[in-house]
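The file target.cif contains mmCIF, C-alpha atoms:
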data_run
#
loop_
_atom_site.group_PDB
_atom_site.id
_atom_site.type_symbol
_atom_site.label_atom_id
_atom_site.label_comp_id
_atom_site.auth_asym_id
_atom_site.auth_seq_id
_atom_site.Cartn_x
_atom_site.Cartn_y
_atom_site.Cartn_z
ATOM 1 C CA MET F 1 115.236 169.538 88.400
ATOM 2 C CA ARG F 2 112.419 167.078 87.640
ATOM 3 C CA ILE F 3 111.075 167.220 84.087
ATOM 4 C CA ALA F 4 107.290 167.071 83.989
ATOM 5 C CA PRO F 5 105.860 164.306 81.768
ATOM 6 C CA GLN F 6 104.146 165.523 78.617
ATOM 7 C CA THR F 7 101.568 162.727 78.408
ATOM 8 C CA LEU F 8 98.973 161.837 81.006
ATOM 9 C CA SER F 9 99.292 158.414 82.600
ATOM 10 C CA LEU F 10 96.201 156.196 82.378
ATOM 11 C CA ARG F 11 95.430 156.848 86.050
ATOM 12 C CA ASP F 12 95.735 160.625 85.722
ATOM 13 C CA ALA F 13 93.796 160.640 82.444
ATOM 14 C CA LEU F 14 90.937 158.873 84.221
ATOM 15 C CA ILE F 15 91.141 161.389 87.080
ATOM 16 C CA ALA F 16 91.008 164.281 84.592
ATOM 17 C CA ILE F 17 87.995 162.723 82.856
ATOM 18 C CA ALA F 18 86.306 162.215 86.241
ATOM 19 C CA ILE F 19 86.859 165.885 87.128
ATOM 20 C CA THR F 20 85.423 167.133 83.840
ATOM 21 C CA ALA F 21 82.496 164.719 84.195
ATOM 22 C CA VAL F 22 81.790 166.161 87.650
ATOM 23 C CA TRP F 23 82.059 169.734 86.397
ATOM 24 C CA GLY F 24 79.910 169.034 83.338
ATOM 25 C CA SER F 25 77.162 166.997 85.014
ATOM 26 C CA ASN F 26 77.108 169.587 87.787
ATOM 27 C CA PHE F 27 74.714 171.671 85.691
ATOM 28 C CA VAL F 28 72.082 168.974 86.179
ATOM 29 C CA VAL F 29 72.786 169.078 89.924
ATOM 30 C CA ILE F 30 72.294 172.855 89.882
ATOM 31 C CA HIS F 31 68.919 172.313 88.202
ATOM 32 C CA VAL F 32 67.900 169.956 91.033
ATOM 33 C CA GLY F 33 68.837 172.476 93.716
ATOM 34 C CA LEU F 34 67.005 175.290 91.962
ATOM 35 C CA GLU F 35 63.743 173.357 92.057
ATOM 36 C CA GLN F 36 63.363 174.374 95.729
ATOM 37 C CA LEU F 37 65.934 177.073 96.520
ATOM 38 C CA PRO F 38 66.095 180.645 95.197
ATOM 39 C CA PRO F 39 69.258 180.965 93.067
ATOM 40 C CA LEU F 40 71.178 183.460 95.198
ATOM 41 C CA LEU F 41 70.408 181.537 98.375
ATOM 42 C CA PHE F 42 71.510 178.302 96.694
ATOM 43 C CA ALA F 43 74.799 179.917 95.680
ATOM 44 C CA ALA F 44 75.300 181.286 99.200
ATOM 45 C CA LEU F 45 74.776 177.831 100.710
ATOM 46 C CA ARG F 46 77.200 176.304 98.228
ATOM 47 C CA PHE F 47 80.018 178.567 99.401
ATOM 48 C CA THR F 48 79.049 178.309 103.058
ATOM 49 C CA PHE F 49 79.551 174.552 103.012
ATOM 50 C CA ALA F 50 82.715 174.898 100.943
ATOM 51 C CA LEU F 51 84.001 177.132 103.756
ATOM 52 C CA ILE F 52 82.747 175.181 106.767
ATOM 53 C CA PRO F 53 84.200 172.938 108.106
ATOM 54 C CA ALA F 54 87.128 172.902 105.628
ATOM 55 C CA VAL F 55 88.425 176.252 106.895
ATOM 56 C CA LEU F 56 89.129 174.601 110.263
ATOM 57 C CA PHE F 57 91.559 172.126 108.702
ATOM 58 C CA ILE F 58 93.043 173.938 105.703
ATOM 59 C CA LYS F 59 95.631 176.630 106.349
ATOM 60 C CA ARG F 60 95.029 180.064 104.879
ATOM 61 C CA PRO F 61 97.320 180.553 101.902
ATOM 62 C CA ALA F 62 99.989 183.230 102.265
ATOM 63 C CA VAL F 63 98.297 185.735 99.965
ATOM 64 C CA PRO F 64 96.854 189.216 100.615
ATOM 65 C CA TRP F 65 93.301 189.334 101.953
ATOM 66 C CA ARG F 66 92.367 191.599 99.046
ATOM 67 C CA ASN F 67 93.146 188.779 96.614
ATOM 68 C CA LEU F 68 90.936 186.373 98.552
ATOM 69 C CA ALA F 69 88.175 188.980 98.711
ATOM 70 C CA ALA F 70 88.360 189.829 95.000
ATOM 71 C CA TYR F 71 88.337 186.174 93.991
ATOM 72 C CA GLY F 72 85.448 185.407 96.341
ATOM 73 C CA VAL F 73 83.290 188.244 95.028
ATOM 74 C CA PHE F 74 84.013 187.544 91.360
ATOM 75 C CA VAL F 75 83.347 183.810 91.704
ATOM 76 C CA GLY F 76 80.432 184.114 94.136
ATOM 77 C CA ALA F 77 78.299 187.087 93.158
ATOM 78 C CA GLY F 78 79.845 187.312 89.702
ATOM 79 C CA GLN F 79 80.075 183.784 88.333
ATOM 80 C CA PHE F 80 77.721 181.576 90.307
ATOM 81 C CA GLY F 81 75.209 184.173 91.454
ATOM 82 C CA LEU F 82 74.558 185.122 87.842
ATOM 83 C CA LEU F 83 74.795 181.545 86.541
ATOM 84 C CA TYR F 84 72.266 180.195 89.052
ATOM 85 C CA THR F 85 69.940 183.113 88.344
ATOM 86 C CA ALA F 86 70.137 182.391 84.624
ATOM 87 C CA MET F 87 69.405 178.715 85.201
ATOM 88 C CA SER F 88 66.335 179.458 87.315
ATOM 89 C CA GLY F 89 64.116 179.424 84.247
ATOM 90 C CA TYR F 90 65.991 181.550 81.713
ATOM 91 C CA ILE F 91 68.321 179.048 80.016
ATOM 92 C CA THR F 92 68.646 175.268 79.863
ATOM 93 C CA PRO F 93 71.423 173.506 81.818
ATOM 94 C CA GLY F 94 73.028 172.084 78.672
ATOM 95 C CA LEU F 95 73.354 175.440 76.943
ATOM 96 C CA ALA F 96 74.501 177.083 80.179
ATOM 97 C CA SER F 97 77.346 174.532 80.418
ATOM 98 C CA LEU F 98 78.385 175.474 76.871
ATOM 99 C CA VAL F 99 78.026 179.269 76.976
ATOM 100 C CA VAL F 100 79.836 179.714 80.312
ATOM 101 C CA GLN F 101 82.976 178.282 78.687
ATOM 102 C CA THR F 102 83.332 181.613 76.869
ATOM 103 C CA GLN F 103 85.167 182.630 80.037
ATOM 104 C CA VAL F 104 88.275 181.647 78.073
ATOM 105 C CA PHE F 105 87.758 184.536 75.679
ATOM 106 C CA PHE F 106 86.790 187.012 78.389
ATOM 107 C CA THR F 107 90.028 186.057 80.143
ATOM 108 C CA ILE F 108 92.009 186.756 76.971
ATOM 109 C CA LEU F 109 90.285 190.121 76.518
ATOM 110 C CA LEU F 110 90.855 191.110 80.156
ATOM 111 C CA ALA F 111 94.505 190.130 79.882
ATOM 112 C CA GLY F 112 94.748 192.459 76.901
ATOM 113 C CA VAL F 113 93.114 195.358 78.714
ATOM 114 C CA LEU F 114 94.790 194.931 82.113
ATOM 115 C CA ASN F 115 98.185 193.490 81.189
ATOM 116 C CA GLY F 116 98.642 194.762 77.653
ATOM 117 C CA GLU F 117 98.756 191.223 76.211
ATOM 118 C CA ARG F 118 98.201 191.361 72.464
ATOM 119 C CA LEU F 119 95.592 189.230 70.765
ATOM 120 C CA ARG F 120 97.123 186.711 68.372
ATOM 121 C CA VAL F 121 95.585 185.836 65.029
ATOM 122 C CA PHE F 122 94.507 182.361 66.127
ATOM 123 C CA GLN F 123 92.826 183.861 69.210
ATOM 124 C CA VAL F 124 90.850 186.290 67.063
ATOM 125 C CA ILE F 125 89.703 183.436 64.810
ATOM 126 C CA ALA F 126 88.814 181.338 67.874
ATOM 127 C CA LEU F 127 86.824 184.239 69.323
ATOM 128 C CA LEU F 128 84.905 184.727 66.061
ATOM 129 C CA LEU F 129 84.039 181.015 65.918
ATOM 130 C CA ALA F 130 82.689 181.115 69.474
ATOM 131 C CA LEU F 131 80.803 184.332 68.729
ATOM 132 C CA ALA F 132 79.140 182.646 65.738
ATOM 133 C CA GLY F 133 77.901 179.914 68.062
ATOM 134 C CA ILE F 134 76.531 182.464 70.541
ATOM 135 C CA LEU F 135 74.700 184.286 67.733
ATOM 136 C CA ILE F 136 73.106 181.000 66.644
ATOM 137 C CA ILE F 137 71.814 180.488 70.189
ATOM 138 C CA LEU F 138 70.531 184.078 70.274
ATOM 139 C CA ARG F 139 68.746 183.482 66.962
ATOM 140 C CA HIS F 140 66.849 180.547 68.486
ATOM 141 C CA THR F 141 65.763 181.982 71.829
ATOM 142 C CA ASP F 142 62.428 180.712 73.115
ATOM 143 C CA ALA F 143 60.634 180.079 76.397
ATOM 144 C CA THR F 144 63.418 177.809 77.687
ATOM 145 C CA THR F 145 66.416 179.692 76.301
ATOM 146 C CA THR F 146 65.898 183.430 76.611
ATOM 147 C CA ALA F 147 68.025 186.387 75.610
ATOM 148 C CA LEU F 148 68.156 187.372 79.292
ATOM 149 C CA GLY F 149 69.414 183.902 80.239
ATOM 150 C CA LEU F 150 72.096 184.065 77.563
ATOM 151 C CA ALA F 151 73.158 187.538 78.732
ATOM 152 C CA LEU F 152 73.321 186.392 82.374
ATOM 153 C CA VAL F 153 75.498 183.379 81.523
ATOM 154 C CA LEU F 154 77.819 185.560 79.448
ATOM 155 C CA ALA F 155 78.058 187.934 82.424
ATOM 156 C CA ALA F 156 78.800 184.911 84.637
ATOM 157 C CA ALA F 157 81.568 183.933 82.229
ATOM 158 C CA ALA F 158 82.983 187.454 82.549
ATOM 159 C CA GLY F 159 82.930 187.071 86.355
ATOM 160 C CA TRP F 160 84.787 183.768 86.004
ATOM 161 C CA ALA F 161 87.341 185.482 83.775
ATOM 162 C CA ALA F 162 87.827 188.237 86.353
ATOM 163 C CA SER F 163 88.519 185.584 88.996
ATOM 164 C CA ASN F 164 91.053 184.029 86.626
ATOM 165 C CA MET F 165 92.892 187.337 86.514
ATOM 166 C CA VAL F 166 93.044 187.372 90.328
ATOM 167 C CA VAL F 167 94.556 183.870 90.266
ATOM 168 C CA ARG F 168 97.093 184.982 87.652
ATOM 169 C CA ALA F 169 98.069 187.820 89.996
ATOM 170 C CA THR F 170 98.626 185.236 92.757
ATOM 171 C CA PRO F 171 101.073 182.749 91.193
ATOM 172 C CA GLY F 172 101.961 179.482 92.899
ATOM 173 C CA VAL F 173 99.015 179.610 95.296
ATOM 174 C CA ASP F 174 97.488 176.428 96.732
ATOM 175 C CA MET F 175 94.157 176.578 94.910
ATOM 176 C CA LEU F 176 92.259 174.365 97.336
ATOM 177 C CA GLY F 177 93.161 176.585 100.293
ATOM 178 C CA PHE F 178 92.599 179.683 98.173
ATOM 179 C CA VAL F 179 89.090 178.559 97.175
ATOM 180 C CA VAL F 180 88.145 177.522 100.709
ATOM 181 C CA TRP F 181 89.225 180.786 102.362
ATOM 182 C CA ALA F 182 87.843 182.932 99.538
ATOM 183 C CA SER F 183 84.452 181.256 99.992
ATOM 184 C CA PHE F 184 83.768 183.560 102.962
ATOM 185 C CA PHE F 185 83.832 186.523 100.579
ATOM 186 C CA SER F 186 81.463 184.660 98.271
ATOM 187 C CA ALA F 187 78.943 183.542 100.876
ATOM 188 C CA VAL F 188 78.466 186.843 102.729
ATOM 189 C CA PRO F 189 77.602 189.018 99.674
ATOM 190 C CA LEU F 190 75.384 186.243 98.286
ATOM 191 C CA PHE F 191 73.389 185.988 101.530
ATOM 192 C CA ALA F 192 73.009 189.783 101.527
ATOM 193 C CA MET F 193 71.900 189.804 97.877
ATOM 194 C CA SER F 194 69.482 186.943 98.529
ATOM 195 C CA TYR F 195 67.878 188.873 101.384
ATOM 196 C CA LEU F 196 67.670 192.097 99.357
ATOM 197 C CA PHE F 197 66.510 190.710 96.006
ATOM 198 C CA GLU F 198 64.788 187.420 96.845
ATOM 199 C CA GLY F 199 63.396 188.396 100.237
ATOM 200 C CA TRP F 200 62.949 186.571 103.512
ATOM 201 C CA PRO F 201 59.656 184.886 102.495
ATOM 202 C CA ALA F 202 61.367 183.221 99.493
ATOM 203 C CA ILE F 203 64.360 182.243 101.655
ATOM 204 C CA SER F 204 62.261 180.713 104.428
ATOM 205 C CA THR F 205 59.972 178.936 101.955
ATOM 206 C CA GLY F 206 62.943 177.529 100.051
ATOM 207 C CA LEU F 207 64.587 176.216 103.217
ATOM 208 C CA ALA F 208 61.310 174.779 104.499
ATOM 209 C CA ASN F 209 60.606 172.980 101.209
ATOM 210 C CA ALA F 210 64.159 171.725 100.701
ATOM 211 C CA THR F 211 64.250 167.968 100.250
ATOM 212 C CA ALA F 212 67.038 165.433 100.673
ATOM 213 C CA ALA F 213 67.762 165.871 96.963
ATOM 214 C CA THR F 214 68.049 169.644 97.478
ATOM 215 C CA TRP F 215 70.568 169.291 100.286
ATOM 216 C CA GLY F 216 72.361 166.612 98.287
ATOM 217 C CA ALA F 217 72.719 169.147 95.466
ATOM 218 C CA VAL F 218 74.124 171.715 97.902
ATOM 219 C CA ALA F 219 76.560 169.159 99.326
ATOM 220 C CA TRP F 220 77.665 168.059 95.868
ATOM 221 C CA GLN F 221 78.259 171.662 94.854
ATOM 222 C CA SER F 222 80.434 172.211 97.909
ATOM 223 C CA THR F 223 82.352 168.934 98.088
ATOM 224 C CA GLY F 224 82.307 167.136 94.743
ATOM 225 C CA ASN F 225 82.368 170.130 92.441
ATOM 226 C CA THR F 226 84.423 172.572 94.521
ATOM 227 C CA LEU F 227 86.676 170.688 96.931
ATOM 228 C CA PHE F 228 87.289 167.484 94.953
ATOM 229 C CA GLY F 229 87.375 169.261 91.602
ATOM 230 C CA TYR F 230 89.858 171.955 92.567
ATOM 231 C CA ALA F 231 92.017 169.695 94.726
ATOM 232 C CA ALA F 232 92.368 167.010 92.055
ATOM 233 C CA TRP F 233 92.818 169.536 89.234
ATOM 234 C CA SER F 234 95.508 171.401 91.175
ATOM 235 C CA ALA F 235 97.293 168.102 91.806
ATOM 236 C CA LEU F 236 97.329 167.374 88.063
ATOM 237 C CA LEU F 237 98.618 170.878 87.294
ATOM 238 C CA ALA F 238 101.422 170.289 89.779
ATOM 239 C CA ARG F 239 102.536 167.163 87.874
ATOM 240 C CA TYR F 240 101.992 168.142 84.237
ATOM 241 C CA PRO F 241 102.430 171.210 82.022
ATOM 242 C CA VAL F 242 99.329 173.370 81.599
ATOM 243 C CA ALA F 243 99.334 172.548 77.865
ATOM 244 C CA THR F 244 98.835 168.875 78.738
ATOM 245 C CA ILE F 245 95.986 169.448 81.197
ATOM 246 C CA ALA F 246 94.091 172.370 79.629
ATOM 247 C CA PRO F 247 92.650 170.451 76.620
ATOM 248 C CA MET F 248 90.754 168.187 79.022
ATOM 249 C CA THR F 249 88.439 171.096 79.875
ATOM 250 C CA LEU F 250 86.943 170.737 76.390
ATOM 251 C CA LEU F 251 85.061 167.739 77.785
ATOM 252 C CA VAL F 252 83.088 169.860 80.273
ATOM 253 C CA PRO F 253 80.382 171.152 77.861
ATOM 254 C CA ILE F 254 80.169 167.699 76.257
ATOM 255 C CA PHE F 255 79.393 166.152 79.628
ATOM 256 C CA GLY F 256 77.129 169.104 80.448
ATOM 257 C CA MET F 257 74.972 168.864 77.338
ATOM 258 C CA GLY F 258 74.979 165.056 77.436
ATOM 259 C CA ALA F 259 73.962 164.880 81.095
ATOM 260 C CA SER F 260 71.202 167.426 80.584
ATOM 261 C CA ALA F 261 69.832 165.472 77.624
ATOM 262 C CA LEU F 262 69.948 162.136 79.462
ATOM 263 C CA ALA F 263 68.830 163.214 82.944
ATOM 264 C CA LEU F 264 66.463 166.072 82.149
ATOM 265 C CA GLY F 265 65.369 165.269 78.615
ATOM 266 C CA GLU F 266 66.754 168.528 77.210
ATOM 267 C CA PRO F 267 66.319 168.242 73.433
ATOM 268 C CA LEU F 268 69.468 168.500 71.335
ATOM 269 C CA HIS F 269 68.088 170.370 68.363
ATOM 270 C CA ASP F 270 70.180 170.680 65.212
ATOM 271 C CA TRP F 271 70.821 174.355 65.902
ATOM 272 C CA LYS F 272 72.140 173.529 69.391
ATOM 273 C CA LEU F 273 74.592 171.035 67.947
ATOM 274 C CA VAL F 274 75.723 173.516 65.294
ATOM 275 C CA ALA F 275 76.146 176.246 67.918
ATOM 276 C CA ALA F 276 78.067 173.814 70.099
ATOM 277 C CA CYS F 277 80.344 172.925 67.186
ATOM 278 C CA PHE F 278 81.195 176.597 66.632
ATOM 279 C CA VAL F 279 81.838 177.331 70.320
ATOM 280 C CA MET F 280 83.797 174.104 70.832
ATOM 281 C CA SER F 281 85.837 174.746 67.681
ATOM 282 C CA GLY F 282 86.773 178.162 69.007
ATOM 283 C CA LEU F 283 87.724 176.710 72.388
ATOM 284 C CA ALA F 284 89.718 173.898 70.778
ATOM 285 C CA LEU F 285 91.576 176.278 68.467
ATOM 286 C CA ASN F 286 92.500 178.547 71.370
ATOM 287 C CA VAL F 287 93.703 175.657 73.554
ATOM 288 C CA LEU F 288 95.335 173.393 70.990
ATOM 289 C CA TRP F 289 96.793 175.674 68.313
ATOM 290 C CA PRO F 290 100.009 176.692 70.157
ATOM 291 C CA ARG F 291 100.847 173.032 70.723
ATOM 292 C CA LEU F 292 99.873 172.011 67.183
ATOM 293 C CA ARG F 293 101.972 174.816 65.718
ATOM 294 C CA LYS F 294 105.051 173.477 67.533
ATOM 295 C CA VAL F 295 104.386 170.015 66.135
ATOM 296 C CA LEU F 296 103.979 171.362 62.575
ATOM 297 C CA ALA F 297 107.137 173.433 62.928
ATOM 298 C CA GLY F 298 109.009 170.230 63.688
#
What is this structure when it is put down as structure tokens?
Amino acid sequence: MRIAPQTLSLRDALIAIAITAVWGSNFVVIHVGLEQLPPLLFAALRFTFALIPAVLFIKRPAVPWRNLAAYGVFVGAGQFGLLYTAMSGYITPGLASLVVQTQVFFTILLAGVLNGERLRVFQVIALLLALAGILIILRHTDATTTALGLALVLAAAAGWAASNMVVRATPGVDMLGFVVWASFFSAVPLFAMSYLFEGWPAISTGLANATAATWGAVAWQSTGNTLFGYAAWSALLARYPVATIAPMTLLVPIFGMGASALALGEPLHDWKLVAACFVMSGLALNVLWPRLRKVLAG
């Protein structure tokens, strides 16, 4: 039996950093797409092009259709439908990239409710740290960061957490194939919701006004963020323990807030940095404490 290495090689560390850079800077790409497309339509197009043409070349994973459907709905209508709606004028991309990482804590809470997993002391402390950061953001809501936007991103994080629970109920699945085939169950409800809530005039206007940058944002969402990100991340998880790979996700909000500041001029006010420190501290404690405890125990 091959023993998985505990430390990332230089090549794989660079790949992990590239993935988190793609996932973090993706919030700027979302902003670009939303300049022309209604949010639900944008999300529907993202999953359509993640499905086609990849579904013609990637075999359907041997999992129940209900798992694919549940994952597709939670990720599509739940995570990205709500996230894109929030980012269409209700919250800044940098803060969205930070707040959506609370999916970690929603996942822990859902595991407790659905699987009877008990909260550990360090998880409670981590949750309280993240909650303090969220309350700081709520205290400083304004025209660019609204309470509604914050609530929508938190709901998106809950949708992400629900999709995590579906993945946990489908162990050993090929995530690239899983994501591609589940995209059908994301795209169809999102198109229906776009037609019902955004209306055909907004859809047709958005498509008519879409620029090369708009379609580039759609393509990047489908290929760079979804297909490359999941394929490369799954490959790393196949070679290393989860405890070695998981801490790299802490870079996502750093890249997200940094990219938004550099590309869009989003101001990094003191309160944003303090809120980020609280949320990131909670995330870091949750991810790193089990490993650190083993080291301290000798």
Original post:
Hey, which of F:Ile203, F:Ala261, F:Val287, F:Ala297 ends up closest to Phe122 in chain F? Count only C-alpha atoms.
Top reply: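 Comparing F:Ile203, F:Ala261, F:Val287, F:Ala297 against Phe122 in chain F, the winner is F:Val287.
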Original post:
How would you write, as a VMD selection string, the residues chosen by the PyMOL selection byres ((chain F and resi 290) around 12) on this structure?
Top reply: chain F and resid 120 to 123 242 to 244 246 to 247 284 to 289 291 to 297
Original post:
What's the 7 Å shell around Phe278 in chain F, counting only C-alpha atoms, without same-chain residues fewer than 6 positions away, as a count of residues only?
Top reply: 4
**OP:** I would like the residues chosen by the PyMOL selection byres ((chain F and resi 280) around 12) on the shown file; could you give them as an NGL selection string?
**Re:** :F and (97-102 or 104 or 126-134 or 247 or 249-254 or 272-279 or 281-288)
Original post:
What does the PyMOL selection byres ((chain F and resi 145-152) around 9) select in this file, as a list in words?
Top reply: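 What the PyMOL selection byres ((chain F and resi 145-152) around 9) grabs from the file is Leu82, Leu83, Thr85, Ala86, Met87, Ser88, Gly89, Tyr90, Ile91, Thr92, Leu95, Ala96, Val99, Ile134, Ile137, Leu138, His140, Thr141, Asp142, Ala143, Thr144, Val153, Leu154, Ala155, Ala156 and Ala157 of chain F.
Close to (68.0, 169.6, 82.7), meaning no more than 8 Å away when counting only C-alpha atoms, sit the residues Phe27, Val28, His31, Thr92, Pro93, Gly94, Ala259, Ser260, Ala261, Ala263, Leu264, Gly265 and Glu266 of chain F.
Rounded to one decimal, CA of Ala62 in chain F and CA of Ala158 in chain F lie 26.4 Å from each other.
CA of Val180 in chain F lies 21.6 Å from CA of Ala21 in chain F.
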**OP:** Would you work out the distance separating CA of Thr48 in chain F from CA of Ala18 in chain F, expressed in Å to one decimal?
**Re:**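 If I compute the distance from CA of Thr48 in chain F to CA of Ala18 in chain F, I get 24.4 Å.
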Subject >> Among the residues F:Leu40, F:Ala50, F:Val179, F:Leu68, the one that comes closest to Tyr230 in chain F [using all atoms listed in the file] >> reply: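 When distances to Tyr230 in chain F are compared using all atoms listed in the file, the smallest one comes from F:Val179.
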Original post:
From the list F:Pro201, F:Tyr84, F:Tyr71, F:Ser183, which residue is nearest Val167 in chain F when using all atoms listed in the file?
Top reply: F:Tyr71
**OP:** Considering all atoms listed in the file, state which residue in the set F:Gly206, F:Pro61, F:Gly112, F:Gly224 is at the smallest distance from Phe49 in chain F.
**Re:** F:Gly224
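Among the candidate residues F:Met257, F:Ala182, F:Ile125, F:Ala231, the one lying nearest to Ser163 in chain F is F:Ala182, with distances computed using all atoms listed in the file.
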Subject >> Distance criterion (all atoms listed in the file): nearest to Ala54 in chain F out of F:Met248, F:Leu114, F:Ala210, F:Leu176 >> reply: F:Leu176
Original post:
Got a sec: who's within 10 Å of Thr7 in chain F, counting only C-alpha atoms, leaving out chain neighbours fewer than 6 positions off, as a ChimeraX atom specification?
Top reply: /F:13,240-241,244-245
Selection from above, C-alpha atoms, as a PDB file, in the frame of the given file, can you write it?
ATOM      1  CA  ALA F  13      93.796 160.640  82.444  1.00  0.00           C
ATOM      2  CA  TYR F 240     101.992 168.142  84.237  1.00  0.00           C
ATOM      3  CA  PRO F 241     102.430 171.210  82.022  1.00  0.00           C
ATOM      4  CA  THR F 244      98.835 168.875  78.738  1.00  0.00           C
ATOM      5  CA  ILE F 245      95.986 169.448  81.197  1.00  0.00           C
TER       6      ILE F 245
END
**OP:** Place a sphere of radius 10 Å on (96.3, 180.6, 92.9) in the file coordinates and name every protein, DNA or RNA residue with an atom inside or on its surface, counting only C-alpha atoms; give the answer as a PyMOL selection string.
**Re:** chain F and resi 61+63+67-68+71+164-179+234
Could you turn the residues from that selection into a file that holds C-alpha atoms, as a PDB file, in the frame of the given file?
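Writing done, so here's part12.pdb:
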ATOM      1  CA  PRO F  61      97.320 180.553 101.902  1.00  0.00           C
ATOM      2  CA  VAL F  63      98.297 185.735  99.965  1.00  0.00           C
ATOM      3  CA  ASN F  67      93.146 188.779  96.614  1.00  0.00           C
ATOM      4  CA  LEU F  68      90.936 186.373  98.552  1.00  0.00           C
ATOM      5  CA  TYR F  71      88.337 186.174  93.991  1.00  0.00           C
ATOM      6  CA  ASN F 164      91.053 184.029  86.626  1.00  0.00           C
ATOM      7  CA  MET F 165      92.892 187.337  86.514  1.00  0.00           C
ATOM      8  CA  VAL F 166      93.044 187.372  90.328  1.00  0.00           C
ATOM      9  CA  VAL F 167      94.556 183.870  90.266  1.00  0.00           C
ATOM     10  CA  ARG F 168      97.093 184.982  87.652  1.00  0.00           C
ATOM     11  CA  ALA F 169      98.069 187.820  89.996  1.00  0.00           C
ATOM     12  CA  THR F 170      98.626 185.236  92.757  1.00  0.00           C
ATOM     13  CA  PRO F 171     101.073 182.749  91.193  1.00  0.00           C
ATOM     14  CA  GLY F 172     101.961 179.482  92.899  1.00  0.00           C
ATOM     15  CA  VAL F 173      99.015 179.610  95.296  1.00  0.00           C
ATOM     16  CA  ASP F 174      97.488 176.428  96.732  1.00  0.00           C
ATOM     17  CA  MET F 175      94.157 176.578  94.910  1.00  0.00           C
ATOM     18  CA  LEU F 176      92.259 174.365  97.336  1.00  0.00           C
ATOM     19  CA  GLY F 177      93.161 176.585 100.293  1.00  0.00           C
ATOM     20  CA  PHE F 178      92.599 179.683  98.173  1.00  0.00           C
ATOM     21  CA  VAL F 179      89.090 178.559  97.175  1.00  0.00           C
ATOM     22  CA  SER F 234      95.508 171.401  91.175  1.00  0.00           C
TER      23      SER F 234
END
